[in-house]
$ cat protein.txt   # compact mmCIF, C-alpha atoms
# COMPACT_ATOMS: atom_id res chain seq x y z
CA MET D 196 0.00 0.00 0.00
CA SER D 197 1.42 3.39 -0.99
CA GLU D 198 1.62 6.28 1.45
CA ILE D 199 -1.11 8.12 -0.49
CA GLU D 200 -3.44 5.10 -0.51
CA ASP D 201 -2.92 4.68 3.23
CA ARG D 202 -3.72 8.36 3.80
CA LYS D 203 -6.84 8.23 1.60
CA ARG D 204 -8.17 5.18 3.45
CA SER D 205 -7.47 6.89 6.75
CA HIS D 206 -9.29 10.05 5.62
CA LEU D 207 -12.38 8.08 4.58
CA SER D 208 -12.49 6.20 7.87
CA LEU D 209 -12.02 9.33 9.99
CA CYS D 210 -14.69 11.29 8.09
CA ALA D 211 -17.15 8.42 8.47
CA ASN D 212 -16.55 7.69 12.15
CA GLU D 213 -15.04 10.68 13.97
CA ASP D 214 -16.00 14.24 14.88
CA VAL D 215 -14.34 16.22 12.09
CA GLU D 216 -16.99 18.85 11.42
CA HIS D 217 -16.34 22.57 11.74
CA HIS D 218 -17.38 23.78 15.21
CA GLY D 219 -17.23 27.55 14.70
CA ARG D 220 -19.82 29.89 13.26
CA THR D 221 -20.39 30.22 9.53
CA LEU D 222 -22.34 33.49 10.03
CA LEU D 223 -25.27 31.87 8.21
CA ASP D 224 -27.10 32.14 11.54
CA GLU D 225 -27.17 35.89 10.88
CA VAL D 226 -29.27 35.33 7.74
CA HIS D 227 -33.03 35.51 8.22
CA LEU D 228 -35.40 34.72 5.37
CA LEU D 229 -38.53 36.86 5.21
CA HIS D 230 -41.81 34.97 4.98
CA GLU D 231 -43.99 35.77 1.97
CA ALA D 232 -47.58 35.28 3.13
CA LEU D 233 -49.09 36.11 -0.26
CA PRO D 234 -47.08 34.40 -3.01
CA ASP D 235 -48.48 35.19 -6.44
CA LEU D 236 -47.30 31.95 -8.08
CA ALA D 237 -47.86 28.21 -8.24
CA LEU D 238 -45.41 25.77 -6.71
CA ASP D 239 -45.05 24.06 -10.08
CA ASP D 240 -43.71 27.33 -11.48
CA VAL D 241 -40.73 27.40 -9.09
CA ASP D 242 -37.68 26.62 -11.23
CA LEU D 243 -34.37 25.76 -9.56
CA THR D 244 -32.51 24.99 -12.79
CA THR D 245 -29.35 26.94 -13.50
CA GLU D 246 -26.54 26.89 -16.01
CA LEU D 247 -22.99 26.38 -14.78
CA MET D 248 -20.05 26.23 -17.17
CA GLY D 249 -22.30 25.41 -20.08
CA LYS D 250 -24.14 22.59 -18.34
CA ARG D 251 -27.76 22.76 -17.21
CA LEU D 252 -28.30 21.72 -13.57
CA ARG D 253 -31.71 20.86 -12.14
CA ALA D 254 -30.68 22.59 -8.89
CA PRO D 255 -27.74 24.85 -8.00
CA ILE D 256 -25.89 22.10 -6.14
CA VAL D 257 -22.36 20.78 -6.63
CA ILE D 258 -21.17 17.65 -4.83
CA SER D 259 -17.70 18.86 -3.92
CA GLY D 260 -14.64 16.72 -4.64
CA MET D 261 -13.82 14.42 -1.75
CA THR D 262 -11.81 11.35 -2.56
CA GLY D 263 -10.12 8.99 -5.02
CA GLY D 264 -7.05 6.82 -5.26
CA THR D 265 -8.31 3.61 -3.62
CA ASP D 266 -10.88 0.97 -4.54
CA GLU D 267 -13.14 2.12 -1.71
CA ALA D 268 -12.86 5.73 -2.92
CA GLY D 269 -13.74 4.59 -6.42
CA ARG D 270 -16.94 2.96 -5.20
CA LEU D 271 -17.86 6.13 -3.32
CA ASN D 272 -17.19 8.33 -6.36
CA ARG D 273 -19.36 6.12 -8.57
CA ALA D 274 -22.21 6.18 -6.06
CA LEU D 275 -22.05 9.97 -5.81
CA ALA D 276 -21.84 10.32 -9.58
CA ALA D 277 -24.87 8.07 -10.09
CA ALA D 278 -26.83 10.22 -7.62
CA ALA D 279 -25.71 13.40 -9.41
CA GLN D 280 -26.82 11.93 -12.74
CA LYS D 281 -30.24 10.96 -11.36
CA LEU D 282 -30.83 14.35 -9.72
CA GLY D 283 -29.24 16.55 -12.39
CA LEU D 284 -26.47 17.94 -10.17
CA ALA D 285 -22.76 18.61 -10.62
CA MET D 286 -19.93 16.69 -9.00
CA GLY D 287 -16.18 16.90 -8.48
CA VAL D 288 -13.72 14.09 -7.84
CA GLY D 289 -11.12 14.23 -5.10
CA SER D 290 -7.48 15.13 -5.64
CA GLN D 291 -6.04 13.26 -8.62
CA ARG D 292 -2.55 13.33 -7.14
CA ALA D 293 -2.85 9.59 -6.49
CA MET D 294 -3.74 9.05 -10.15
CA LEU D 295 -0.82 11.23 -11.22
CA LEU D 296 1.67 9.16 -9.22
CA HIS D 297 -0.07 5.80 -9.62
CA PRO D 298 -1.85 5.61 -13.01
CA GLU D 299 -3.33 2.25 -12.04
CA GLN D 300 -5.65 4.17 -9.69
CA ALA D 301 -7.31 6.03 -12.59
CA ALA D 302 -10.37 3.78 -12.35
CA SER D 303 -11.23 5.24 -8.92
CA TYR D 304 -11.86 8.62 -10.60
CA ARG D 305 -13.69 7.44 -13.74
CA VAL D 306 -17.46 7.84 -13.40
CA ARG D 307 -18.69 8.74 -16.88
CA ASP D 308 -20.21 5.31 -17.46
CA VAL D 309 -22.68 5.98 -14.61
CA ALA D 310 -22.92 9.77 -15.06
CA PRO D 311 -22.61 10.63 -18.76
CA ASP D 312 -24.40 13.97 -18.57
CA ILE D 313 -23.29 15.65 -15.35
CA LEU D 314 -20.99 18.62 -14.97
CA LEU D 315 -17.86 16.78 -13.82
CA LEU D 316 -14.93 18.57 -12.18
CA ALA D 317 -11.40 17.19 -12.18
CA ASN D 318 -9.18 18.09 -9.23
CA LEU D 319 -5.47 18.60 -8.57
CA GLY D 320 -3.50 20.44 -5.90
CA ALA D 321 -1.80 23.70 -6.80
CA VAL D 322 1.65 22.33 -5.96
CA GLN D 323 1.12 19.27 -8.15
CA ALA D 324 -0.22 21.49 -10.95
CA ARG D 325 2.93 23.61 -10.70
CA GLU D 326 5.19 20.57 -10.84
CA SER D 327 3.32 18.67 -13.56
CA GLY D 328 2.88 21.22 -16.33
CA ILE D 329 -0.04 21.91 -18.63
CA GLU D 330 0.16 18.76 -20.78
CA ALA D 331 0.13 16.38 -17.81
CA VAL D 332 -2.71 18.27 -16.12
CA ALA D 333 -4.74 18.32 -19.34
CA ALA D 334 -4.23 14.56 -19.63
CA LEU D 335 -5.68 14.05 -16.12
CA VAL D 336 -8.76 16.08 -17.08
CA GLN D 337 -9.20 14.23 -20.36
CA ALA D 338 -8.68 10.81 -18.79
CA ILE D 339 -11.86 11.11 -16.73
CA GLY D 340 -13.87 13.14 -19.23
CA ALA D 341 -14.12 16.18 -16.95
CA ASP D 342 -15.70 19.47 -18.02
CA ALA D 343 -13.53 21.69 -15.82
CA LEU D 344 -10.56 21.53 -13.44
CA CYS D 345 -10.48 22.47 -9.77
CA VAL D 346 -7.02 23.48 -8.61
CA HIS D 347 -7.29 23.05 -4.88
CA LEU D 348 -5.54 25.25 -2.33
CA ASN D 349 -5.00 23.52 1.03
CA ALA D 350 -1.99 25.20 2.61
CA ALA D 351 -3.29 24.75 6.17
CA GLN D 352 -3.84 21.01 5.71
CA GLU D 353 -0.45 20.54 4.04
CA LEU D 354 1.36 22.36 6.83
CA VAL D 355 -0.37 20.20 9.42
CA GLN D 356 0.50 16.94 7.66
CA ASP D 357 3.88 15.49 8.57
CA GLU D 358 4.27 14.45 4.91
CA GLY D 359 2.64 17.58 3.49
CA ASP D 360 3.96 20.17 1.04
CA ARG D 361 5.95 23.09 2.41
CA ASP D 362 6.85 25.13 -0.68
CA PHE D 363 3.97 27.01 -2.33
CA ARG D 364 6.06 29.36 -4.46
CA GLY D 365 4.92 29.69 -8.05
CA CYS D 366 1.45 28.25 -7.49
CA LEU D 367 -0.37 31.41 -8.60
CA ALA D 368 1.73 31.57 -11.77
CA ALA D 369 0.94 27.91 -12.48
CA ILE D 370 -2.79 28.54 -12.02
CA ALA D 371 -2.56 31.55 -14.35
CA GLU D 372 -0.90 29.37 -17.02
CA LEU D 373 -3.62 26.77 -16.70
CA ALA D 374 -6.34 29.42 -16.93
CA ARG D 375 -4.75 30.70 -20.15
CA HIS D 376 -4.02 27.42 -21.88
CA LEU D 377 -6.17 24.59 -20.52
CA PRO D 378 -9.08 23.80 -22.90
CA VAL D 379 -11.56 23.65 -20.00
CA PRO D 380 -12.45 26.21 -17.29
CA VAL D 381 -10.19 26.40 -14.24
CA ILE D 382 -11.65 26.79 -10.74
CA ALA D 383 -9.48 27.88 -7.83
CA LYS D 384 -10.81 25.84 -4.91
CA GLU D 385 -10.08 26.14 -1.22
CA THR D 386 -10.71 23.12 1.00
CA GLY D 387 -12.22 24.57 4.16
CA CYS D 388 -10.31 27.73 5.07
CA GLY D 389 -11.94 30.14 2.62
CA LEU D 390 -10.55 32.78 0.26
CA SER D 391 -9.84 36.30 1.48
CA PRO D 392 -10.69 39.38 -0.64
CA ALA D 393 -6.98 39.95 -1.32
CA THR D 394 -6.52 36.38 -2.56
CA LEU D 395 -9.63 36.66 -4.72
CA ALA D 396 -8.22 39.82 -6.28
CA ARG D 397 -4.91 38.07 -7.07
CA LEU D 398 -6.76 35.16 -8.67
CA ARG D 399 -8.90 37.52 -10.75
CA ASP D 400 -5.81 39.43 -11.91
CA ALA D 401 -4.25 36.07 -12.87
CA GLY D 402 -7.14 35.38 -15.23
CA VAL D 403 -9.13 32.98 -13.05
CA GLU D 404 -12.86 33.36 -13.63
CA TRP D 405 -14.21 30.78 -11.19
CA VAL D 406 -13.61 30.05 -7.50
CA ASP D 407 -14.96 27.66 -4.88
CA VAL D 408 -14.46 29.58 -1.63
CA SER D 409 -14.99 26.52 0.61
CA GLY D 410 -14.88 28.33 3.91
CA ALA D 411 -16.42 27.72 7.33
CA GLY D 412 -18.80 24.79 7.63
CA GLY D 413 -18.67 21.10 6.75
CA THR D 414 -15.61 18.94 7.16
CA SER D 415 -12.54 20.53 8.74
CA TRP D 416 -9.54 18.88 7.08
CA THR D 417 -7.24 20.22 9.75
CA ALA D 418 -9.48 18.40 12.24
CA VAL D 419 -9.14 15.22 10.18
CA GLU D 420 -5.36 15.57 10.25
CA SER D 421 -5.45 16.11 14.03
CA LEU D 422 -6.59 12.50 14.39
CA ARG D 423 -3.63 10.94 12.58
CA GLY D 424 0.14 11.30 12.30
CA SER D 425 2.70 12.40 14.85
CA GLU D 426 2.13 14.32 18.07
CA ARG D 427 3.21 17.47 16.21
CA GLN D 428 0.61 16.85 13.48
CA GLN D 429 -2.14 16.14 15.98
CA ALA D 430 -1.36 19.24 18.06
CA LEU D 431 -1.15 21.60 15.07
CA GLY D 432 -4.31 20.09 13.57
CA ARG D 433 -6.20 20.82 16.78
CA GLU D 434 -4.81 24.37 16.87
CA LEU D 435 -5.90 25.11 13.28
CA ARG D 436 -9.20 23.22 13.39
CA GLU D 437 -11.30 26.37 13.07
CA TRP D 438 -8.91 28.31 10.81
CA ASP D 439 -11.14 29.81 8.12
CA CYS D 440 -12.36 33.01 6.52
CA TYR D 441 -15.98 32.59 7.62
CA LEU D 442 -17.28 31.97 4.11
CA SER D 443 -19.56 29.05 3.39
CA HIS D 444 -19.32 26.93 0.25
CA ALA D 445 -20.16 28.73 -2.96
CA THR D 446 -18.94 28.51 -6.49
CA LYS D 447 -18.62 32.03 -7.80
CA ARG D 448 -17.61 33.76 -10.95
CA LEU D 449 -15.19 36.55 -10.17
CA ASP D 450 -17.55 39.18 -11.53
CA GLY D 451 -19.34 38.90 -8.21
CA THR D 452 -22.08 36.54 -9.37
CA THR D 453 -22.77 33.56 -7.13
CA ARG D 454 -23.66 30.53 -9.24
CA GLN D 455 -23.92 27.82 -6.63
CA SER D 456 -24.25 27.81 -2.87
$ encode --input "protein.txt" --output "structure tokens"
Amino acid sequence: MSEIEDRKRSHLSLCANEDVEHHGRTLLDEVHLLHEALPDLALDDVDLTTELMGKRLRAPIVISGMTGGTDEAGRLNRALAAAAQKLGLAMGVGSQRAMLLHPEQAASYRVRDVAPDILLLANLGAVQARESGIEAVAALVQAIGADALCVHLNAAQELVQDEGDRDFRGCLAAIAELARHLPVPVIAKETGCGLSPATLARLRDAGVEWVDVSGAGGTSWTAVESLRGSERQQALGRELREWDCYLSHATKRLDGTTRQS
């Protein structure tokens, strides 16, 4: 079993069985919806469909990328993809780093046979995108028939991991190159800590049109990492468990338009 496979199996087990949810506020408790006592419409006229990256969704919902790289992860991805196909939703796969290093794991990311029509998002870390180059990244997207690529930003999680990346230099330049040359849209995606206004501005100036802010709420990956690894990893994971920018999940175009939340 490779180190990545071991980590992926551990992540799946911890997410299924342990307390790894964000404990802080998302600020959504400050939002109050006003009741409309006199709606001048029929329920059948309510239309939740939306268009995202050229694909029509029956509801503005994206199943965010979670896993891949093991047989168990492959079964989970196929189940999620089948649900997305049935309900007319979008879906992303987890980080394809495992597929990049171990091509035999490609099957755990391939879901088109059960979800031929969905908006499917490929996924690779910014560091791996920087190191791989455009041709290799394009091949990962093409290999699973994805419609777009998420380049995920997970600096907090990497710093917590004993085996994580430590050098993030050149990642913005690599994302800019992908945005210019990749034949599919590029989404800059955080993984639980959110994107600050300054970072959003840098991404926009680099030519990125789409972001997944992935802030407070849902799974805390620093909390996941606090349950595995060395004492150092566990302690730092606990310390950074609630590190976020207080933004809930939303896929946005950087003209200010929210397209999915």
$ atom_distance --input "protein.txt" --atom1 "atom CA of Val403 of chain D" --atom2 "atom CA of Leu315 of chain D"
18.4 Å
$ residues_around --input "protein.txt" --residues "Glu213 of chain D" --least-positions-apart "6" --cutoff "10 Å" --atoms "only C-alpha atoms" --output "ChimeraX atom specification"
/D:418-419,422
$ atom_distance --input "protein.txt" --atom1 "atom CA of Leu344 of chain D" --atom2 "atom CA of Thr265 of chain D"
20.6 Å
$ closest_residue --input "protein.txt" --among "D:Leu236, D:Leu319, D:Leu271, D:Ala279" --to "Asn349 of chain D" --atoms "all atoms listed in the file"
D:Leu319
$ residues_around --input "protein.txt" --residues "segment 239-248 of chain D" --least-positions-apart "3" --cutoff "8 Å" --atoms "only C-alpha atoms" --output "number ranges by chain"
D: 236, 251-255, 314, 380, 454
$ atom_distance --input "protein.txt" --atom1 "atom CA of Ala278 of chain D" --atom2 "atom CA of Met261 of chain D"
14.9 Å
$ closest_residue --input "protein.txt" --among "D:Ala310, D:Val257, D:Ala302, D:Val336" --to "Lys281 of chain D" --atoms "all atoms listed in the file"
D:Ala310
$ closest_residue --input "protein.txt" --among "D:Ala268, D:Ala411, D:Ala321, D:Ala331" --to "Arg202 of chain D" --atoms "all atoms listed in the file"
D:Ala268
$ closest_residue --input "protein.txt" --among "D:Ala277, D:Ala393, D:Ala430, D:Ala232" --to "Leu354 of chain D" --atoms "only C-alpha atoms"
D:Ala430
$ closest_residue --input "protein.txt" --among "D:Arg436, D:Lys203, D:Arg375, D:His347" --to "Ala293 of chain D" --atoms "only C-alpha atoms"
D:Lys203
